[in-house]
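Q: Could you have a look at this structure, given as structure tokens, before my questions?
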Amino acid sequence: MILYYLQKLLFQLNRDPATRKQYESDFDGLLMEYDLTHEEKEALGKPDIGLLYVLGVNGQLLMHYAALKGYAWPDYIQSMKDGVAQHGPVRAGIYTMVED
Amino acid sequence: MILYYLQKLLFQLNRDPATRKQYESDFDGLLMEYDLTHEEKEALGKPDIGLLYVLGVNGQLLMHYAALKGYAWPDYIQSMKDGVAQHGPVRAGIYTMVED
Amino acid sequence: MALVFAGVCSHAPGITGRTHLAKPEDKDSFHAAYDGMRVSLEETRPDALIVIGAEHFANFFMNNMPTFAIGMGDSYEGPIEDEAWLGIKKHKVPGNRDLSTRLIQRVMQDVDVSYAEEWKFDHGIMVPLNFLTPRYDLDIIPININCQGPPLSPLARSYALGQALRRACDETPERIALVGTGGISHWPATPNSGKINEDFDREFLGIWAANKKSELLAYTDEDIYRRAGQGGFEIRTFIAVAGATAGATADIRYYRPIPPFAVGCTIGVVNLQQAGMRTAA
Amino acid sequence: MALVFAGVCSHAPGITGRTHLAKPEDKDSFHAAYDGMRVSLEETRPDALIVIGAEHFANFFMNNMPTFAIGMGDSYEGPIEDEAWLGIKKHKVPGNRDLSTRLIQRVMQDVDVSYAEEWKFDHGIMVPLNFLTPRYDLDIIPININCQGPPLSPLARSYALGQALRRACDETPERIALVGTGGISHWPATPNSGKINEDFDREFLGIWAANKKSELLAYTDEDIYRRAGQGGFEIRTFIAVAGATAGATADIRYYRPIPPFAVGCTIGVVNLQQAGMRTAA
Ligand SMILES: [Fe+3]
Ligand SMILES: [Fe+3]
């Protein structure tokens, strides 16, 4: 299912201690519980914050994942810019509400 | 908090495999995660299905807990009747919407 | 297109899960009525089926209890209950995200709904689907009305939900079928389980079939609880169908109290070809 | 009693968490304006404070996304974020289940809300509380408008929510204060983070302060997104306050774009003593 489960995993990771624990101890098992594409799984694993942004993840979810992975704020912002430069414009989600 | 967390525990138990697992392996730890009264904890532990009914648990949640604890349907129904006989009328929740 | 079919039907786990407890004639006649509803529904060649139900703490809880929720998923799953207990195998149920989204956006102009991109159906939706789309080959759009955790949705807003759905259906190119499903009087999972108040049921069904809005909305929750039990709160699903079909009467094709099914078993179909209604052909 | 106080204010994690990044004069003047709002609020001796916010995936997600949600808990918790990052310590925030329930039941006659018996506040509510009830000694009733996951609430329904809240407040014996909190133009957590469109903000605040309903509701999400970013969707919280105070104008007591706070920092207070409004005394 496009984007929904990717965002759901990040939502759960942000708020649910059990998900956080499983993320640390059994990342692959956690991914199995969500209906994710290969590209989504790779973007989470690397992590490729820029690609996650391009895939449509809302920044209000993504910023917390970047912080978890040790990104300082300016690096988080730069990652999204790099992501768009590398992968093209955002593909889904709230940032595509207006077609340019 | 009256009734809410008791029902929430049963709701989670009915639908969340992780909660079910913790229920089996670490019942006391699970209870700690919910804001329950001593009476609620006792009623869950025994279990006292009739008291849970009197405390106000909705039957749509309670029937599944009774089944989990091995109650056949007629025993579940009888437990609620016994609970009212022993503990008095239902104290909270949807079954107290009308004052008799 | 428009709304091409509308009706109401009962759900209860016993209808599929405890068939052996009912008198064979009761069970057979009710199942046949359900099958007749399926035939009528299929004759209208719907592109999707909206099911207005009242779930039983399968998805929604008091941490975020929607007055009204509409599914917006590509697909759904069900039943959440044990397959053997319910007598219905687990299925992936087709949804239609695009159609759902358009309907939700239109409904939201008038009625405030929660949307749900995933949803695990309980018997409240699976029992009707078991009879109405037995091959699970029709796109389903689930709708929930809070009939479980007070404060419940006001009856007038449930009617308004139906009206908003009607406007939304009238503006979509698709042919939409609509089914409301709830018990009428019943006391599920309580010491009174199995009790049925046939007087209440026949009175309510008469008013519903005549689509008498003011009489439908005159019920109070106190009335309902005293006469029809907390299961009676599910009349909201019937009232929403009345809202979607204002101006049309309905036929009660089947009504029979069947205590082993713990509900007065009902099948009703709205005469959509009546004045102001589009034809189903 | 009635509504005794109404206003709007900004939230953003930087306002409390990154104070050192702003020019001291910017930070001090804005914090002083927030404190002035607290003084005005306290002068009206409220029994409870309704905060209409727009949370950021702390409690609500697309599995059950409410258009509108109202808290119905005895108490709440917050902030959900790291204390040091946000600059606000964790607190148990007092609620009022009884008052919430009565308000919800009244609002539900007109507007369909989800209710929530628990709620973990994020910065969207905690930043205003940090300034307005610094001792956490006033009962809070949180309300959320979906400004995050499309389909978002229509602006007209957000206005209607405010109107319904007003009717509910007018019928309760308690003295109620109401605060809406949202950014106006801002692009939080995106590559444009820190951008502020002062033209949009001043135009919008002018319309809001004059309570020009038709102009408020004339914005489209496309307009908003292009000119004010996805953070601009939070104008719904301001619009709800306008709905609750129809007929009254407001004073914009403070507006200044402060890029390190990533939002045009705003404090506005409605002149509730105007025609048709009850006095706050
Ligand atoms: Fe039901
Ligand atoms: Fe915000």
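In the structure tokens, chains take letters A, B, ... by order of appearance, with residues numbered from 1 within each chain and ligands from 1 in the order shown.
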What residues have any atom no more than 10 Å from ligand 1 when counting only C-alpha atoms and all ligand atoms, and can you list them as a list in words?
A: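 Listing the residues within 10 Å of ligand 1 gives Gln60 of chain B; Ser10, His11, Ala12, Pro13, Gly53, Ala54, Glu55, His56, Asp122, His123, Gly124, Ile125, Cys147, Gln148, Thr181, Gly182, Gly183, Ile184, His186, Trp187, Pro188, Gln230, Gly231, Gly232, Phe233, Glu234, Ile235 and Val263 of chain C.
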Q: I want to know what sits within 12 Å of segment 72-78 of chain B, based on only C-alpha atoms, with residues of the same chain fewer than 3 positions away left out; could you give that as a ChimeraX atom specification?
A: /B:47-53,59,62-69,81-85 /C:14,18,85,187-194
Q: Determine, counting only C-alpha atoms, which protein, DNA and RNA residues have an atom within 10 Å of an atom of Phe121 of chain C; residues of the same chain fewer than 2 positions away are not included. Present the result as a PyMOL selection string.
A: chain C and resi 53+55-56+58-59+76-81+90-91+93+118-119+123-127+142
Q: Could you save the residues just selected, with N, CA and C atoms, as a tab-separated table (two decimals), in the first residue's frame?
A:
```
chain	number	residue	atom	x	y	z
C	53	GLY	N	-21.91	0.09	9.16
C	53	GLY	CA	-22.01	-0.83	10.27
C	53	GLY	C	-21.74	-0.16	11.61
C	55	GLU	N	-19.25	-1.34	14.52
C	55	GLU	CA	-18.33	-2.38	14.96
C	55	GLU	C	-18.26	-2.43	16.49
C	56	HIS	N	-17.62	-3.50	16.97
C	56	HIS	CA	-17.68	-3.86	18.37
C	56	HIS	C	-16.27	-3.89	18.95
C	58	ALA	N	-13.38	-3.51	17.49
C	58	ALA	CA	-12.34	-4.19	16.71
C	58	ALA	C	-11.26	-3.20	16.30
C	59	ASN	N	-11.65	-2.01	15.92
C	59	ASN	CA	-10.70	-0.99	15.46
C	59	ASN	C	-10.74	0.28	16.30
C	76	TYR	N	-9.10	-4.41	2.75
C	76	TYR	CA	-9.34	-4.58	4.19
C	76	TYR	C	-9.17	-6.06	4.51
C	77	GLU	N	-9.24	-6.38	5.80
C	77	GLU	CA	-9.14	-7.77	6.20
C	77	GLU	C	-10.28	-8.13	7.13
C	78	GLY	N	-10.63	-9.39	7.13
C	78	GLY	CA	-11.63	-9.84	8.07
C	78	GLY	C	-11.92	-11.30	7.88
C	79	PRO	N	-12.57	-11.95	8.82
C	79	PRO	CA	-12.99	-11.38	10.09
C	79	PRO	C	-11.84	-11.34	11.10
C	80	ILE	N	-11.95	-10.45	12.07
C	80	ILE	CA	-10.96	-10.36	13.13
C	80	ILE	C	-11.17	-11.52	14.12
C	81	GLU	N	-12.37	-12.08	14.14
C	81	GLU	CA	-12.69	-13.16	15.08
C	81	GLU	C	-12.17	-14.51	14.56
C	90	LYS	N	-11.09	-16.23	6.85
C	90	LYS	CA	-10.42	-14.94	6.68
C	90	LYS	C	-10.26	-14.61	5.20
C	91	HIS	N	-10.48	-13.36	4.86
C	91	HIS	CA	-10.38	-12.90	3.49
C	91	HIS	C	-9.69	-11.55	3.43
C	93	VAL	N	-10.42	-8.31	1.65
C	93	VAL	CA	-11.63	-7.74	1.06
C	93	VAL	C	-11.23	-6.55	0.19
C	118	GLU	N	-6.66	1.73	7.11
C	118	GLU	CA	-6.72	0.28	7.32
C	118	GLU	C	-7.89	-0.01	8.24
C	119	TRP	N	-8.35	-1.24	8.19
C	119	TRP	CA	-9.57	-1.55	8.93
C	119	TRP	C	-9.66	-3.08	8.95
C	123	HIS	N	-17.44	-9.20	12.82
C	123	HIS	CA	-18.65	-9.85	12.30
C	123	HIS	C	-19.69	-8.83	11.83
C	124	GLY	N	-19.61	-7.62	12.36
C	124	GLY	CA	-20.59	-6.60	12.00
C	124	GLY	C	-20.61	-6.30	10.51
C	125	ILE	N	-19.46	-6.41	9.87
C	125	ILE	CA	-19.41	-6.23	8.42
C	125	ILE	C	-19.27	-7.57	7.71
C	126	MET	N	-18.54	-8.52	8.32
C	126	MET	CA	-18.27	-9.78	7.62
C	126	MET	C	-19.52	-10.65	7.44
C	127	VAL	N	-20.45	-10.61	8.40
C	127	VAL	CA	-21.66	-11.43	8.22
C	127	VAL	C	-22.45	-10.96	7.00
C	142	PRO	N	-16.26	0.63	3.85
C	142	PRO	CA	-16.86	0.48	5.18
C	142	PRO	C	-17.08	1.83	5.84
```
Q: Show me, as a PyMOL selection string, the residues that have an atom within 10 Å of Gln7 of chain A when counting only C-alpha atoms, minus same-chain residues fewer than 5 positions from it.
A: (chain A and resi 2+12-13+34+52+56-58+61-62) or (chain D and resi 61-62)
Q: Report, in Å with one decimal, the straight-line distance from atom CA of Ala177 of chain C to atom CA of Phe261 of chain C.
A: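 So the answer is 26.0 Å.
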Q: As a PyMOL selection string, please: the residues near segment 133-140 of chain D (cut-off 12 Å, only C-alpha atoms, same-chain neighbours under 6 positions excluded).
A: chain D and resi 34-35+37-42+45-52+70-78+88-100+119+121+125-127+174-179
Q: May I have a table of the residues of chain A lying at most 12 Å from chain B, giving each one's closest pair of atoms and their distance in Å to one decimal, counting only C-alpha atoms, ordered by chain and ascending residue number, as JSON lines?
A:
```
{"residue": "A:Pro17", "atom": "CA", "partner": "B:Glu33", "partner_atom": "CA", "distance": 11.9}
{"residue": "A:Ala18", "atom": "CA", "partner": "B:Ala18", "partner_atom": "CA", "distance": 8.9}
{"residue": "A:Thr19", "atom": "CA", "partner": "B:Ala18", "partner_atom": "CA", "distance": 10.4}
{"residue": "A:Gln22", "atom": "CA", "partner": "B:Ala18", "partner_atom": "CA", "distance": 11.3}
{"residue": "A:Glu33", "atom": "CA", "partner": "B:Pro17", "partner_atom": "CA", "distance": 11.9}
```
Q: Here is a test: counting only C-alpha atoms and all ligand atoms, which residue of D:Thr101, D:Gln273, D:Gln109, D:Ser185 is nearest to ligand 2?
A: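 Of D:Thr101, D:Gln273, D:Gln109, D:Ser185, the one nearest ligand 2, counting only C-alpha atoms and all ligand atoms, is D:Ser185.
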Q: Give the alpha helix (DSSP H) residues of segment 195-270 of chain C, as DSSP finds them on the backbone, and put them as number ranges by chain.
A: C: 198-209, 213-216, 221-228, 235-244
Q: Using the selection just defined, write its residues with N, CA, C and O atoms as a short mmCIF file (atom, residue, chain, number, x, y, z; two decimals), in the first residue's frame.
A:
```cif
data_model
loop_
_atom_site.label_atom_id
_atom_site.label_comp_id
_atom_site.auth_asym_id
_atom_site.auth_seq_id
_atom_site.Cartn_x
_atom_site.Cartn_y
_atom_site.Cartn_z
N GLU C 198 -39.92 -8.01 20.07
CA GLU C 198 -40.54 -8.01 18.74
C GLU C 198 -41.43 -6.79 18.54
O GLU C 198 -41.50 -6.25 17.42
N ASP C 199 -42.09 -6.32 19.61
CA ASP C 199 -42.94 -5.13 19.49
C ASP C 199 -42.12 -3.92 19.05
O ASP C 199 -42.51 -3.18 18.15
N PHE C 200 -41.00 -3.72 19.73
CA PHE C 200 -40.14 -2.60 19.35
C PHE C 200 -39.69 -2.75 17.90
O PHE C 200 -39.74 -1.79 17.12
N ASP C 201 -39.27 -3.94 17.57
CA ASP C 201 -38.71 -4.16 16.23
C ASP C 201 -39.74 -3.86 15.15
O ASP C 201 -39.44 -3.18 14.16
N ARG C 202 -40.98 -4.37 15.35
CA ARG C 202 -41.99 -4.17 14.30
C ARG C 202 -42.39 -2.70 14.21
O ARG C 202 -42.61 -2.17 13.12
N GLU C 203 -42.45 -2.04 15.35
CA GLU C 203 -42.76 -0.60 15.34
C GLU C 203 -41.66 0.16 14.60
O GLU C 203 -41.93 0.97 13.70
N PHE C 204 -40.41 -0.12 14.98
CA PHE C 204 -39.30 0.61 14.37
C PHE C 204 -39.23 0.33 12.87
O PHE C 204 -39.05 1.25 12.05
N LEU C 205 -39.37 -0.93 12.50
CA LEU C 205 -39.26 -1.27 11.07
C LEU C 205 -40.38 -0.61 10.27
O LEU C 205 -40.17 -0.21 9.11
N GLY C 206 -41.55 -0.47 10.86
CA GLY C 206 -42.65 0.21 10.18
C GLY C 206 -42.29 1.67 9.90
O GLY C 206 -42.51 2.18 8.79
N ILE C 207 -41.75 2.32 10.90
CA ILE C 207 -41.36 3.73 10.73
C ILE C 207 -40.22 3.85 9.73
O ILE C 207 -40.21 4.73 8.88
N TRP C 208 -39.26 2.92 9.85
CA TRP C 208 -38.11 2.96 8.94
C TRP C 208 -38.55 2.74 7.49
O TRP C 208 -38.13 3.47 6.58
N ALA C 209 -39.41 1.73 7.29
CA ALA C 209 -39.83 1.40 5.92
C ALA C 209 -40.62 2.55 5.30
O ALA C 209 -40.57 2.76 4.08
N LYS C 213 -39.06 10.54 8.83
CA LYS C 213 -37.88 11.12 9.47
C LYS C 213 -38.14 11.57 10.90
O LYS C 213 -37.38 11.25 11.81
N SER C 214 -39.22 12.30 11.10
CA SER C 214 -39.42 12.88 12.44
C SER C 214 -39.66 11.78 13.47
O SER C 214 -39.23 11.89 14.61
N GLU C 215 -40.33 10.71 13.06
CA GLU C 215 -40.54 9.61 14.02
C GLU C 215 -39.26 8.83 14.27
O GLU C 215 -39.00 8.39 15.39
N LEU C 216 -38.46 8.68 13.23
CA LEU C 216 -37.17 8.01 13.42
C LEU C 216 -36.30 8.77 14.41
O LEU C 216 -35.64 8.18 15.27
N ASP C 221 -32.07 7.83 23.43
CA ASP C 221 -31.25 6.70 23.86
C ASP C 221 -31.84 6.01 25.09
O ASP C 221 -31.68 4.80 25.27
N GLU C 222 -32.52 6.78 25.92
CA GLU C 222 -33.19 6.17 27.08
C GLU C 222 -34.28 5.21 26.63
O GLU C 222 -34.33 4.05 27.07
N ASP C 223 -35.15 5.69 25.71
CA ASP C 223 -36.16 4.79 25.10
C ASP C 223 -35.53 3.52 24.56
O ASP C 223 -36.00 2.41 24.81
N ILE C 224 -34.54 3.75 23.74
CA ILE C 224 -33.93 2.63 23.02
C ILE C 224 -33.35 1.64 24.02
O ILE C 224 -33.59 0.43 23.91
N TYR C 225 -32.63 2.15 25.00
CA TYR C 225 -31.98 1.25 25.94
C TYR C 225 -33.02 0.43 26.72
O TYR C 225 -32.87 -0.78 26.90
N ARG C 226 -34.09 1.10 27.17
CA ARG C 226 -35.11 0.38 27.93
C ARG C 226 -35.82 -0.67 27.10
O ARG C 226 -36.06 -1.78 27.55
N ARG C 227 -36.15 -0.33 25.86
CA ARG C 227 -36.98 -1.22 25.06
C ARG C 227 -36.18 -2.15 24.16
O ARG C 227 -36.65 -3.23 23.80
N ALA C 228 -35.00 -1.70 23.76
CA ALA C 228 -34.28 -2.45 22.73
C ALA C 228 -32.87 -2.84 23.16
O ALA C 228 -32.12 -3.43 22.37
N ILE C 235 -29.63 1.05 15.71
CA ILE C 235 -30.62 1.58 14.75
C ILE C 235 -30.05 2.76 13.97
O ILE C 235 -30.57 3.13 12.93
N ARG C 236 -28.97 3.35 14.48
CA ARG C 236 -28.32 4.44 13.74
C ARG C 236 -27.93 4.03 12.32
O ARG C 236 -27.93 4.87 11.41
N THR C 237 -27.57 2.79 12.14
CA THR C 237 -27.17 2.36 10.79
C THR C 237 -28.38 2.35 9.86
O THR C 237 -28.26 2.71 8.68
N PHE C 238 -29.54 1.95 10.39
CA PHE C 238 -30.76 1.97 9.59
C PHE C 238 -31.17 3.43 9.30
O PHE C 238 -31.64 3.75 8.21
N ILE C 239 -31.00 4.28 10.30
CA ILE C 239 -31.39 5.69 10.15
C ILE C 239 -30.52 6.38 9.09
O ILE C 239 -31.01 7.21 8.32
N ALA C 240 -29.26 6.01 9.04
CA ALA C 240 -28.39 6.58 8.00
C ALA C 240 -28.88 6.18 6.61
O ALA C 240 -28.89 6.98 5.68
N VAL C 241 -29.31 4.92 6.46
CA VAL C 241 -29.85 4.49 5.17
C VAL C 241 -31.13 5.27 4.85
O VAL C 241 -31.34 5.69 3.70
N ALA C 242 -31.94 5.52 5.86
CA ALA C 242 -33.15 6.34 5.63
C ALA C 242 -32.75 7.73 5.15
O ALA C 242 -33.38 8.29 4.23
N GLY C 243 -31.70 8.30 5.73
CA GLY C 243 -31.23 9.61 5.29
C GLY C 243 -30.77 9.61 3.85
O GLY C 243 -30.97 10.58 3.11
N ALA C 244 -30.16 8.51 3.45
CA ALA C 244 -29.65 8.41 2.08
C ALA C 244 -30.77 8.17 1.07
O ALA C 244 -30.55 8.30 -0.14
#
```
Q: Once DSSP has gone over the backbone, tell me which residues of segment 106-231 of chain C are in strand (DSSP E), as number ranges by chain.
A: C: 114-116, 139-145, 175-181
Q: In Å, rounded to a single decimal, give me how far atom CA of Ala2 of chain C is from atom CA of Gly247 of chain C.
A: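 Between atom CA of Gly247 of chain C and atom CA of Ala2 of chain C the gap is 15.3 Å.
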Q: Excluding Arg167 of chain C and residues on its chain fewer than 4 positions from it, collect all residues at most 9 Å away from it, counting only C-alpha atoms, and give them as an MDAnalysis selection string.
A: chainID C and resid 2 106:107 162:163 171 244
Q: Considering only C-alpha atoms, return as a CSV table (one decimal) with N, CA and C atoms, in the first residue's frame whatever protein or nucleic-acid residues lie within 8 Å of Ala92 of chain B, sequence-local ones (same chain, fewer than 2 positions apart) excluded.
A:
```csv
chain,number,residue,atom,x,y,z
B,3,LEU,N,-12.6,3.0,34.8
B,3,LEU,CA,-13.0,2.1,33.7
B,3,LEU,C,-12.2,2.2,32.4
B,54,VAL,N,-19.8,-6.0,36.5
B,54,VAL,CA,-20.3,-5.0,37.4
B,54,VAL,C,-19.5,-3.7,37.4
B,55,LEU,N,-18.2,-3.8,37.2
B,55,LEU,CA,-17.4,-2.6,37.1
B,55,LEU,C,-17.7,-1.8,35.9
B,56,GLY,N,-18.4,-2.4,34.9
B,56,GLY,CA,-18.8,-1.6,33.8
B,56,GLY,C,-18.2,-2.0,32.4
B,90,VAL,N,-24.6,-2.9,37.9
B,90,VAL,CA,-23.4,-2.3,37.2
B,90,VAL,C,-23.2,-0.9,37.6
B,94,ILE,N,-21.7,1.9,29.7
B,94,ILE,CA,-22.9,2.0,28.9
B,94,ILE,C,-24.1,1.4,29.5
B,95,TYR,N,-23.9,0.4,30.4
B,95,TYR,CA,-25.1,-0.3,31.0
B,95,TYR,C,-25.7,0.6,32.1
B,96,THR,N,-25.2,1.7,32.4
B,96,THR,CA,-25.8,2.6,33.4
B,96,THR,C,-26.3,3.8,32.7
```
Q: So, with only C-alpha atoms and all ligand atoms as the atoms that count, which of D:Ile15, D:Ile104, D:Leu272, D:Ala69 lies closest to ligand 2?
A: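 So, comparing all the options, the nearest one is D:Ile15.
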Q: Output as a tab-separated table one row per residue of chain C within 8 Å of chain D: the closest atom pair and its distance in Å to one decimal place, counting only C-alpha atoms, sorted by chain and residue number ascending.
A:
```
residue	atom	partner	partner_atom	distance
C:Phe60	CA	D:Asn64	CA	7.9
C:Met62	CA	D:Ala116	CA	5.7
C:Asn63	CA	D:Ala116	CA	4.4
C:Asn64	CA	D:Ala116	CA	4.6
C:Met65	CA	D:Ser114	CA	5.0
C:Pro66	CA	D:Ser114	CA	4.1
C:Thr67	CA	D:Ser114	CA	5.7
C:Phe68	CA	D:Asp112	CA	7.4
C:Ala69	CA	D:Asn64	CA	7.5
C:Thr101	CA	D:Pro151	CA	7.7
C:Ile104	CA	D:Pro151	CA	7.8
C:Gln105	CA	D:Pro151	CA	6.4
C:Met108	CA	D:Pro154	CA	7.0
C:Gln109	CA	D:Pro154	CA	6.5
C:Asp110	CA	D:Arg157	CA	7.6
C:Val111	CA	D:Asp112	CA	6.6
C:Asp112	CA	D:Asp112	CA	5.1
C:Val113	CA	D:Thr67	CA	6.0
C:Ser114	CA	D:Pro66	CA	4.1
C:Tyr115	CA	D:Met65	CA	5.3
C:Ala116	CA	D:Asn63	CA	4.4
C:Glu117	CA	D:Asn63	CA	5.1
C:Glu118	CA	D:Asn63	CA	5.5
C:Trp119	CA	D:Asn63	CA	7.5
C:Pro151	CA	D:Gln105	CA	6.4
C:Ser153	CA	D:Met108	CA	7.2
C:Pro154	CA	D:Gln109	CA	6.5
C:Ala156	CA	D:Gln109	CA	7.9
C:Arg157	CA	D:Gln109	CA	7.1
```
